[in-house]
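Here's the structure we're looking at; comments come further down.
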Amino acid sequence: EEEEEEYQPKPPDDTRANNLSFRELVHKLEILWSHQRKKSNGTIASSKATKDELLACLLSPQLFDYLGNTSSPYPLLRLILPEIDWRPNLGMKEKTIATTWGMAMGLHRTSAPFNKLVKFMDPVLAGPTAAGDLSVALMEVMTERYGDGGSMAGNNSATTSGVTIGSINDLLDELAAIKKNASGGGIPTHVVGAGVGYSDNNNNNNN
C-alpha cells in the first residue's frame, strides 16, 4: 500500500509585490501623512477624507488586481506595518538617521544643511516649516541640493523611480543583520551608500 504524500503548501510568490515602486508607496504614505498633519495642526481640509478612502489610497483595488490570487502582498505589508514584522527594531534614533543622511550626501558637519538635519528640532536652524520634523527637513535639504526631484540620482524619471519594494526590504534586512551581529561601532560605509537607494547602474551619480 502506497503512503500518501504529505501535503506541502505552495510557498507564496512575492515577485509582483517586490517589483512595486517604492517611490509610489512613499507618495501614498505622504498623502496619508499630510492628512494626519493637517488634523494634528488643527487645520481643516476642504474635503475631509474618510478612513475607508485613505485605506483605499494605500491599498487600492488596482493593487489587488495587480497581485491577483497567487501573489503575496507580504513585502509591501512589511514596510507599511513594520511593528508587526519579524525584522527587529533597528534602534536607529532620529539623530543617527539625520547624521547618516548628511554623510551620504557629503555634507560638511558644520554646514547649514547638515545642522538643519541633525538639529531639526531647533526652529532657528531647521526653519519654520521643518522644525520638529526630520522628514520635512530632509526633503527641504535634498530639494535645495538636487532640485525639485529631491533625488541624488537626479530628475531623470528612469533613475528616480527605479527603487523597488524588494530592494528596500533587502537593505533593511541587511541593516537588521548588521545590528544583530555588530559588536559596536558606527554604520559601515557600504550601508551608508546603499541606504539612499543606489544601485550599480547609478554609480555614476555618486558625486
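In the C-alpha cells, chains take letters A, B, ... by order of appearance, with residues numbered from 1 within each chain and ligands from 1 in the order shown.
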- Item | Close residues, segment 8-19 of chain A itself excluded, 12 Å, only C-alpha atoms, min 4 positions apart in chain, as a count of residues only | 31
Sorted by chain and rising residue number, list the residues of segment 66-167 of chain A at most 12 Å from segment 30-37 of chain A (counting only C-alpha atoms), each with its closest atom pair and distance in Å to one decimal, as CSV.
```
residue,atom,partner,partner_atom,distance
A:Ile80,CA,A:Leu32,CA,11.7
A:Asp133,CA,A:Arg37,CA,10.7
A:Ser135,CA,A:Glu30,CA,10.3
A:Val136,CA,A:Glu30,CA,10.7
A:Met139,CA,A:Glu30,CA,11.7
```
- Query: Counting only C-alpha atoms, what is within 7 Å of segment 176-182 of chain A, bar same-chain residues fewer than 2 positions away, as a list in words?
  - Reply: Arg87, Pro88, Leu90, Leu172, Asp173, Glu174 and Gly184 of chain A
- Item | Selection near Asp122 of chain A, 10 Å with only C-alpha atoms, sequence-local residues under 6 positions removed, as an MDAnalysis selection string | chainID A and resid 115:116 128 130:132
- Item | Closest of A:Tyr146, A:Leu81, A:Leu107, A:Lys119 to Lys95 of chain A - atom-to-atom distances counting only C-alpha atoms |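 Checking each of A:Tyr146, A:Leu81, A:Leu107, A:Lys119 against Lys95 of chain A, counting only C-alpha atoms, the winner is A:Lys119.
When only C-alpha atoms are used to compute distances to Leu29 of chain A, the closest of the residues A:Ala126, A:Ala112, A:Ala49, A:Cys57 turns out to be A:Cys57.
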